[in-house]
$ cat upload.txt   # compact mmCIF, C-alpha atoms (C1' of nucleotides)
# COMPACT_ATOMS: atom_id res chain seq x y z
CA MET A 1 48.11 67.16 73.82
CA THR A 2 47.08 70.69 73.07
CA GLN A 3 43.40 69.78 72.88
CA GLU A 4 41.76 68.37 75.93
CA ALA A 5 38.39 68.41 74.23
CA LYS A 6 37.52 71.02 76.78
CA PRO A 7 36.54 74.57 75.81
CA ALA A 8 36.48 75.30 72.09
CA LEU A 9 39.20 77.80 72.77
CA ASP A 10 37.06 80.76 71.84
CA GLU A 11 33.43 80.06 72.57
CA PRO A 12 31.72 82.24 75.17
CA LEU A 13 31.55 80.88 78.68
CA PHE A 14 29.14 81.70 81.47
CA GLN A 15 29.25 81.74 85.23
CA ILE A 16 26.84 79.72 87.24
CA GLY A 17 24.57 82.66 88.02
CA GLU A 18 23.93 83.47 84.41
CA VAL A 19 23.39 79.84 83.54
CA ALA A 20 20.88 79.63 86.35
CA ASP A 21 19.03 82.64 84.99
CA ARG A 22 19.04 81.37 81.44
CA THR A 23 17.93 77.85 82.26
CA GLY A 24 15.54 78.70 85.03
CA VAL A 25 17.10 76.35 87.56
CA THR A 26 18.97 77.39 90.70
CA GLN A 27 22.70 77.36 91.18
CA ARG A 28 22.21 74.63 93.69
CA THR A 29 20.50 72.53 91.06
CA LEU A 30 23.39 73.01 88.64
CA ARG A 31 25.92 71.89 91.25
CA PHE A 32 23.63 69.05 92.18
CA TYR A 33 23.39 67.84 88.60
CA GLU A 34 27.14 67.97 88.36
CA GLU A 35 27.52 66.05 91.59
CA LYS A 36 25.14 63.42 90.28
CA GLY A 37 27.00 63.08 87.02
CA LEU A 38 24.33 64.63 84.86
CA LEU A 39 26.57 67.49 83.89
CA LYS A 40 30.22 67.01 83.23
CA PRO A 41 32.43 69.06 85.52
CA PRO A 42 32.69 72.42 83.78
CA THR A 43 35.90 74.32 83.31
CA ARG A 44 36.90 76.74 86.02
CA MET A 45 38.46 80.15 86.21
CA GLU A 46 41.64 80.71 88.21
CA GLY A 47 39.76 81.25 91.41
CA GLY A 48 37.67 78.17 91.03
CA PHE A 49 34.49 79.68 89.59
CA ARG A 50 32.64 77.36 87.24
CA LEU A 51 32.48 78.27 83.57
CA TYR A 52 29.75 76.73 81.48
CA SER A 53 29.53 76.50 77.69
CA GLU A 54 26.48 76.81 75.47
CA ASP A 55 26.53 73.05 75.20
CA ASP A 56 26.24 72.75 78.95
CA ILE A 57 23.24 75.04 78.88
CA ALA A 58 21.63 73.00 76.14
CA ARG A 59 22.18 69.95 78.25
CA VAL A 60 20.45 71.46 81.24
CA ASP A 61 17.48 72.29 79.04
CA GLN A 62 17.48 68.74 77.80
CA ILE A 63 17.55 67.37 81.33
CA ARG A 64 14.61 69.52 82.28
CA ARG A 65 12.59 68.36 79.31
CA LEU A 66 13.26 64.75 80.15
CA GLN A 67 12.12 65.51 83.68
CA ASN A 68 9.07 67.60 82.97
CA LEU A 69 7.78 66.13 79.77
CA LEU A 70 8.72 62.50 80.14
CA GLY A 71 8.71 62.31 83.91
CA LEU A 72 12.01 60.47 84.08
CA THR A 73 14.06 60.35 87.26
CA LEU A 74 17.50 61.90 87.37
CA ALA A 75 18.95 58.41 87.49
CA GLU A 76 17.24 57.47 84.27
CA ILE A 77 18.20 60.74 82.71
CA LYS A 78 21.77 60.19 83.70
CA GLU A 79 21.95 56.94 81.80
CA MET A 80 20.64 58.68 78.75
CA VAL A 81 22.78 61.76 78.74
CA GLU A 82 25.84 59.71 79.41
CA ALA A 83 25.50 58.21 75.98
CA GLU A 84 24.94 61.59 74.48
CA GLU A 85 27.95 63.75 75.13
CA VAL A 86 27.29 66.64 72.81
CA ARG A 87 30.86 67.08 71.76
CA GLU A 88 30.95 63.42 71.05
CA GLU A 89 27.96 63.82 68.83
CA LEU A 90 29.60 66.53 66.81
CA ASN A 91 32.82 64.65 66.46
CA ALA A 92 32.04 61.01 66.85
CA THR A 93 32.07 60.33 63.15
CA TYR A 94 35.10 62.45 62.49
CA ARG A 95 37.41 61.78 65.36
CA PRO A 96 40.51 60.19 63.99
CA ASP A 97 41.64 58.75 67.30
CA LEU A 98 38.96 56.12 67.34
CA THR A 99 38.83 52.87 65.49
CA PRO A 100 36.01 52.63 62.97
CA GLU A 101 34.43 49.96 65.14
CA GLU A 102 34.44 52.20 68.16
CA ARG A 103 32.95 55.05 66.17
CA ILE A 104 30.21 52.83 64.88
CA ALA A 105 29.54 51.55 68.38
CA ARG A 106 29.15 55.07 69.71
CA VAL A 107 26.75 56.13 67.03
CA ASN A 108 24.80 52.98 67.73
CA ARG A 109 24.59 53.80 71.38
CA ARG A 110 23.28 57.22 70.51
CA ILE A 111 20.71 55.74 68.21
CA GLU A 112 19.56 53.34 70.87
CA VAL A 113 19.07 56.06 73.44
CA THR A 114 17.26 58.25 70.98
CA ARG A 115 14.98 55.35 70.11
CA ARG A 116 14.18 54.77 73.76
CA GLN A 117 13.25 58.39 74.23
CA HIS A 118 11.22 58.32 71.06
CA GLU A 119 9.34 55.28 72.21
CA ILE A 120 8.58 56.76 75.61
CA ILE A 121 7.39 59.97 74.09
CA SER A 122 5.25 58.17 71.54
CA THR A 123 3.56 56.09 74.18
CA LYS A 124 2.89 59.12 76.29
CA LEU A 125 1.61 61.06 73.34
CA THR A 126 -0.90 58.38 72.55
CA ALA A 127 -2.19 58.30 76.09
CA MET A 128 -2.31 62.05 76.27
CA LEU A 129 -4.19 62.44 73.02
CA GLU A 130 -6.71 59.96 74.31
CA MET A 131 -7.02 61.87 77.53
CA LYS A 132 -7.37 65.12 75.66
CA LYS A 133 -10.22 63.68 73.64
CA ASP A 134 -11.94 62.54 76.82
CA LEU A 135 -11.57 65.97 78.30
CA GLU A 136 -13.06 67.56 75.25
CA GLU A 137 -16.02 65.24 75.38
CA ARG A 138 -16.54 65.96 79.03
CA LEU A 139 -16.33 69.62 78.35
CA ALA A 140 -18.93 69.32 75.63
CA ARG A 141 -21.28 67.36 77.86
CA SER A 142 -20.87 69.71 80.77
CA THR A 143 -21.34 72.76 78.63
CA GLU A 144 -24.49 71.28 77.21
CA ALA A 145 -25.78 70.39 80.65
CA LEU A 146 -25.06 73.92 81.76
CA ALA A 147 -27.01 75.37 78.86
CA LYS A 148 -29.96 73.19 79.75
CA LEU A 149 -29.85 74.25 83.37
CA GLU A 150 -29.75 77.90 82.53
CA LYS A 151 -32.61 77.59 80.13
CA GLU A 152 -34.59 75.80 82.80
CA ARG A 153 -33.91 78.50 85.28
CA SER A 154 -34.97 81.28 82.96
CA GLY A 155 -37.98 79.18 81.98
CA ALA A 156 -38.99 78.73 85.58
CA MET B 157 -33.10 58.57 104.27
CA THR B 158 -32.95 55.21 102.59
CA GLN B 159 -30.27 56.29 100.15
CA GLU B 160 -27.02 57.52 101.52
CA ALA B 161 -25.63 57.94 98.03
CA LYS B 162 -23.30 55.14 98.98
CA PRO B 163 -23.27 51.80 97.12
CA ALA B 164 -25.73 51.45 94.28
CA LEU B 165 -27.37 48.73 96.26
CA ASP B 166 -26.44 46.04 93.78
CA GLU B 167 -23.22 46.92 92.03
CA PRO B 168 -20.25 44.64 92.55
CA LEU B 169 -17.76 45.62 95.21
CA PHE B 170 -14.10 44.68 95.55
CA GLN B 171 -11.67 44.24 98.37
CA ILE B 172 -8.50 46.22 98.52
CA GLY B 173 -6.35 43.42 97.19
CA GLU B 174 -8.28 43.05 93.99
CA VAL B 175 -8.42 46.79 93.49
CA ALA B 176 -4.67 46.90 93.93
CA ASP B 177 -4.24 44.23 91.28
CA ARG B 178 -6.60 45.86 88.86
CA THR B 179 -5.21 49.35 89.20
CA GLY B 180 -1.58 48.43 89.51
CA VAL B 181 -1.03 50.35 92.73
CA THR B 182 -0.33 48.82 96.12
CA GLN B 183 -2.78 48.49 98.99
CA ARG B 184 -0.69 50.96 100.89
CA THR B 185 -1.16 53.47 98.09
CA LEU B 186 -4.92 53.02 98.17
CA ARG B 187 -5.03 53.65 101.90
CA PHE B 188 -2.66 56.55 101.45
CA TYR B 189 -4.89 58.16 98.82
CA GLU B 190 -7.84 57.75 101.10
CA GLU B 191 -5.93 59.28 103.98
CA LYS B 192 -5.02 62.22 101.79
CA GLY B 193 -8.56 62.76 100.65
CA LEU B 194 -8.04 61.67 97.08
CA LEU B 195 -10.41 58.75 97.48
CA LYS B 196 -13.56 59.01 99.48
CA PRO B 197 -13.71 56.54 102.38
CA PRO B 198 -15.07 53.37 100.82
CA THR B 199 -17.82 51.28 102.35
CA ARG B 200 -16.76 48.50 104.72
CA MET B 201 -17.86 44.99 105.44
CA GLU B 202 -18.89 43.98 108.95
CA GLY B 203 -15.38 43.24 109.99
CA GLY B 204 -14.02 46.50 108.71
CA PHE B 205 -12.63 45.40 105.36
CA ARG B 206 -12.77 48.10 102.72
CA LEU B 207 -15.12 47.61 99.78
CA TYR B 208 -14.50 49.57 96.62
CA SER B 209 -16.84 50.24 93.74
CA GLU B 210 -16.10 50.44 90.02
CA ASP B 211 -16.26 54.19 90.35
CA ASP B 212 -13.53 54.09 92.95
CA ILE B 213 -11.39 52.07 90.61
CA ALA B 214 -12.01 54.51 87.79
CA ARG B 215 -10.94 57.25 90.09
CA VAL B 216 -7.69 55.57 90.95
CA ASP B 217 -6.97 55.23 87.25
CA GLN B 218 -7.75 58.88 86.82
CA ILE B 219 -5.42 59.86 89.63
CA ARG B 220 -2.64 57.84 88.09
CA ARG B 221 -3.12 59.45 84.72
CA LEU B 222 -2.98 62.89 86.23
CA GLN B 223 0.23 61.84 87.96
CA ASN B 224 1.97 60.07 85.13
CA LEU B 225 0.78 61.98 82.12
CA LEU B 226 0.43 65.46 83.50
CA GLY B 227 3.00 65.23 86.26
CA LEU B 228 0.71 66.78 88.83
CA THR B 229 1.31 66.41 92.55
CA LEU B 230 -1.22 64.64 94.70
CA ALA B 231 -2.13 67.97 96.26
CA GLU B 232 -2.98 69.39 92.87
CA ILE B 233 -4.84 66.24 91.92
CA LYS B 234 -6.82 66.42 95.10
CA GLU B 235 -8.14 69.84 94.26
CA MET B 236 -9.23 68.56 90.91
CA VAL B 237 -10.90 65.33 91.90
CA GLU B 238 -12.73 67.07 94.69
CA ALA B 239 -14.69 68.96 92.11
CA GLU B 240 -15.31 65.81 90.18
CA GLU B 241 -17.19 63.38 92.39
CA VAL B 242 -18.31 60.83 89.86
CA ARG B 243 -21.70 60.28 91.40
CA GLU B 244 -22.10 63.97 91.45
CA GLU B 245 -21.33 64.12 87.78
CA LEU B 246 -24.01 61.63 86.96
CA ASN B 247 -26.57 63.35 89.08
CA ALA B 248 -25.58 66.96 89.38
CA THR B 249 -28.02 68.11 86.78
CA TYR B 250 -30.81 65.89 87.98
CA ARG B 251 -30.60 66.01 91.72
CA PRO B 252 -33.76 67.56 93.00
CA ASP B 253 -32.35 68.43 96.40
CA LEU B 254 -30.25 71.25 95.04
CA THR B 255 -31.27 74.72 94.08
CA PRO B 256 -30.86 75.51 90.39
CA GLU B 257 -28.15 77.98 91.32
CA GLU B 258 -26.22 75.33 93.20
CA ARG B 259 -26.53 72.91 90.33
CA ILE B 260 -25.28 75.49 87.90
CA ALA B 261 -22.42 76.33 90.21
CA ARG B 262 -21.35 72.70 90.42
CA VAL B 263 -21.38 72.19 86.70
CA ASN B 264 -19.37 75.35 86.37
CA ARG B 265 -16.78 74.07 88.80
CA ARG B 266 -16.52 70.90 86.79
CA ILE B 267 -16.09 72.85 83.60
CA GLU B 268 -13.38 74.96 85.13
CA VAL B 269 -11.41 71.96 86.31
CA THR B 270 -11.77 70.24 82.98
CA ARG B 271 -10.53 73.36 81.24
CA ARG B 272 -7.50 73.51 83.48
CA GLN B 273 -6.63 69.94 82.68
CA HIS B 274 -7.20 70.56 79.01
CA GLU B 275 -4.92 73.53 79.04
CA ILE B 276 -2.16 71.67 80.81
CA ILE B 277 -2.40 68.76 78.48
CA SER B 278 -2.42 70.98 75.43
CA THR B 279 0.69 72.79 76.54
CA LYS B 280 2.46 69.56 77.22
CA LEU B 281 1.37 68.08 73.95
CA THR B 282 2.86 70.98 72.06
CA ALA B 283 6.18 70.64 73.82
CA MET B 284 6.20 66.91 73.37
CA LEU B 285 5.43 67.04 69.69
CA GLU B 286 8.30 69.43 69.28
CA MET B 287 10.56 67.11 71.21
CA LYS B 288 9.41 64.17 69.16
CA LYS B 289 10.28 65.99 65.98
CA ASP B 290 13.73 66.76 67.33
CA LEU B 291 14.25 63.15 68.22
CA GLU B 292 13.24 62.04 64.77
CA GLU B 293 15.66 64.45 63.21
CA ARG B 294 18.42 63.23 65.45
CA LEU B 295 17.58 59.71 64.63
CA ALA B 296 17.74 60.48 60.93
CA ARG B 297 21.10 62.18 61.25
CA SER B 298 22.57 59.43 63.35
CA THR B 299 21.29 56.74 61.08
CA GLU B 300 22.78 58.54 58.13
CA ALA B 301 26.09 58.95 59.91
CA LEU B 302 26.05 55.28 60.72
CA ALA B 303 25.48 54.33 57.11
CA LYS B 304 28.43 56.46 56.10
CA LEU B 305 30.68 54.88 58.67
CA GLU B 306 29.77 51.41 57.62
CA LYS B 307 30.34 52.16 53.99
CA GLU B 308 33.74 53.62 54.88
CA ARG B 309 34.66 50.53 56.78
CA SER B 310 33.70 48.19 54.02
CA GLY B 311 35.42 50.52 51.55
CA ALA B 312 38.62 50.54 53.55
C1' DA C 313 -11.69 24.46 116.30
C1' DG C 314 -8.03 25.22 113.64
C1' DT C 315 -5.61 26.91 109.61
C1' DG C 316 -4.23 29.83 105.78
C1' DG C 317 -4.61 33.92 103.64
C1' DG C 318 -6.34 38.59 103.24
C1' DT C 319 -6.96 43.01 106.00
C1' DT C 320 -6.62 46.50 109.78
C1' DT C 321 -4.21 50.41 112.01
C1' DG C 322 -0.18 52.43 113.55
C1' DA C 323 4.42 53.91 113.16
C1' DC C 324 8.85 54.37 111.58
C1' DG C 325 11.93 54.16 107.25
C1' DT C 326 13.35 55.43 102.50
C1' DT C 327 14.26 57.79 98.20
C1' DT C 328 14.22 61.67 95.25
C1' DG C 329 15.35 66.33 94.30
C1' DC C 330 16.55 69.73 95.66
C1' DG C 331 16.39 74.19 99.65
C1' DT C 332 18.83 76.54 103.10
C1' DT C 333 22.05 78.23 105.94
C1' DA C 334 27.00 78.95 107.27
C1' DA C 335 31.54 80.11 106.80
C1' DT C 336 34.98 81.35 103.46
C1' DG C 337 37.06 82.91 99.14
C1' DA C 338 37.19 85.36 94.35
C1' DT C 339 36.32 89.41 91.07
C1' DA C 340 35.50 93.79 89.51
C1' DG C 341 34.94 98.67 90.17
C1' DG C 342 36.08 103.03 92.34
C1' DC D 343 42.76 98.99 99.43
C1' DC D 344 37.81 98.74 100.23
C1' DT D 345 33.64 97.05 99.17
C1' DA D 346 29.76 94.96 96.86
C1' DT D 347 28.57 91.14 94.58
C1' DC D 348 29.48 87.32 92.81
C1' DA D 349 31.04 82.20 93.88
C1' DT D 350 32.90 77.91 96.73
C1' DT D 351 32.25 73.63 99.70
C1' DA D 352 30.08 71.27 103.45
C1' DA D 353 26.41 69.95 105.91
C1' DC D 354 21.98 69.69 107.59
C1' DG D 355 16.90 70.01 106.38
C1' DC D 356 12.66 68.85 104.14
C1' DA D 357 8.33 67.65 101.61
C1' DA D 358 6.35 64.19 98.62
C1' DA D 359 4.94 59.61 97.93
C1' DC D 360 4.97 55.91 99.26
C1' DG D 361 7.65 51.14 101.48
C1' DT D 362 8.05 48.18 105.24
C1' DC D 363 7.41 46.11 109.26
C1' DA D 364 4.56 44.64 113.52
C1' DA D 365 0.75 42.99 115.99
C1' DA D 366 -3.79 42.12 115.94
C1' DC D 367 -8.02 40.89 113.48
C1' DC D 368 -11.28 38.92 109.99
C1' DC D 369 -12.98 35.47 106.66
C1' DA D 370 -13.80 31.20 104.55
C1' DC D 371 -13.19 26.42 104.75
C1' DT D 372 -12.70 21.97 106.44

$ encode --input "upload.txt" --output "structure tokens"
Amino acid sequence: MTQEAKPALDEPLFQIGEVADRTGVTQRTLRFYEEKGLLKPPTRMEGGFRLYSEDDIARVDQIRRLQNLLGLTLAEIKEMVEAEEVREELNATYRPDLTPEERIARVNRRIEVTRRQHEIISTKLTAMLEMKKDLEERLARSTEALAKLEKERSGA
Amino acid sequence: MTQEAKPALDEPLFQIGEVADRTGVTQRTLRFYEEKGLLKPPTRMEGGFRLYSEDDIARVDQIRRLQNLLGLTLAEIKEMVEAEEVREELNATYRPDLTPEERIARVNRRIEVTRRQHEIISTKLTAMLEMKKDLEERLARSTEALAKLEKERSGA
DNA sequence: AGTGGGTTTGACGTTTGCGTTAATGATAGG
DNA sequence: CCTATCATTAACGCAAACGTCAAACCCACT
């Protein structure tokens, strides 16, 4: 019971202010994500100050991508990140305290979530590429129309 | 004054319910968009029922794409669609009631808006392609890890 | 004339995703 | 020890984007 799977014993930790700066979200948002279960409760210093790891920061970035790029709600994101536990990813295959079946199950859950994200992103990409093409065509047509108009004007 | 630039005099028109079905939004949403200035007030039948054109439907689809794909707010979308007026697009270059300068100005506004959308979509596409790549790498790693675990189990 | 279903305008309600104080406590430096 | 600058929880606030009635009205049909 010396390892609570908590801090890696030596990795650098950051206070909420710095995490806010680095991730571009507010402190309020970080506490909010924690409250909503999107971030695991971070370790604390004696006085109660939150201490975040690099993994936590990566997770915040991930949450923001899922929000901004995929347009998922925090509820949806929560489901996804729950199956992701970074530490679990690093150790899932090598943790000796799990039965092989359980380890396989976890990796499978991760795969499933990743597939879902991949599918969502692929669908969106298709639609966006289509939209981009449309925009380019519009742009071409408008530019052409503009050229015509300007020639007309000078010709008048 | 025989043409109010309203219905094309013969094109098919649809009631709100059918438009809702075809676009996948609710009637409430259609009225809401109108209220917010995202849709121009449609024509009405004698009794006051709204009558939408194909162009209106296309516009709703457009609004939804800007929402879902680009993640824009309705306020932002409003600014954009205001400069887009479909009928205006079709006729901007050919309307005789506008000075050449005004026609050029309108086309320029359209070009500007299109460029903005194109830029947003391009930025997003880049980020999403990156994310997709990451997901594929993850998927590969997880799948590999899974294979290992299953071999171990059968080998045990 | 009656009936069933679609539509109208309000108006209030709801959810999401935080923002914004307020009052209090912790840390570090001089 | 004093002080400046973090941080803490709790609680209320808020804008966006609709949802959900309610009560009346319209339309088509028999």

$ interface_residues --input "upload.txt" --of "chain B" --to "chain C" --cutoff "8 Å" --atoms "all atoms listed in the file" --output "list in words"
Gly173, Gly204 and Phe205 of chain B

$ atom_distance --input "upload.txt" --atom1 "atom CA of A:Leu13" --atom2 "atom CA of A:Ser53"
4.9 Å

$ atom_distance --input "upload.txt" --atom1 "atom CA of B:Ile276" --atom2 "atom CA of A:Leu66"
16.9 Å

$ closest_residue --input "upload.txt" --among "A:Thr123, A:Thr73, A:Thr114, A:Asn108" --to "B:Glu292" --atoms "all atoms listed in the file"
A:Thr114

$ atom_distance --input "upload.txt" --atom1 "atom CA of A:Arg28" --atom2 "atom C1' of D:DA359"
23.3 Å

$ interface_residues --input "upload.txt" --of "chain D" --to "chain B" --cutoff "12 Å" --atoms "all atoms listed in the file" --output "list in words"
DA357, DA358, DA359, DC360, DG361, DT362, DC367, DC368 and DC369 of chain D

$ interface_residues --input "upload.txt" --of "chain B" --to "chain A" --cutoff "7 Å" --atoms "only C-alpha atoms" --output "list of chain:residue names"
B:Leu225, B:Gly227, B:Thr249, B:Pro256, B:Ile260, B:Val263, B:Ile267, B:Thr270, B:His274, B:Ile277, B:Lys280, B:Met284, B:Lys288, B:Leu291, B:Leu295, B:Ser298, B:Ala301, B:Leu302, B:Leu305, B:Arg309

$ residues_near_point --input "upload.txt" --point "(25.5, 58.2, 84.6)" --cutoff "8 Å" --atoms "only C-alpha atoms (C1' of nucleotides)" --output "list in words"
Lys36, Gly37, Leu38, Ala75, Ile77, Lys78, Glu79, Met80, Val81 and Glu82 of chain A

$ axis_aligned_box --input "upload.txt" --around "stretch 8-24 of chain A" --padding-each-side "5 Å" --output "JSON"
{"center_x": 27.4, "center_y": 79.4, "center_z": 79.9, "size_x": 33.7, "size_y": 18.2, "size_z": 26.2}

$ closest_residue --input "upload.txt" --among "D:DC363, D:DC343, D:DC371, D:DA349" --to "A:Gln27" --atoms "all atoms listed in the file"
D:DA349
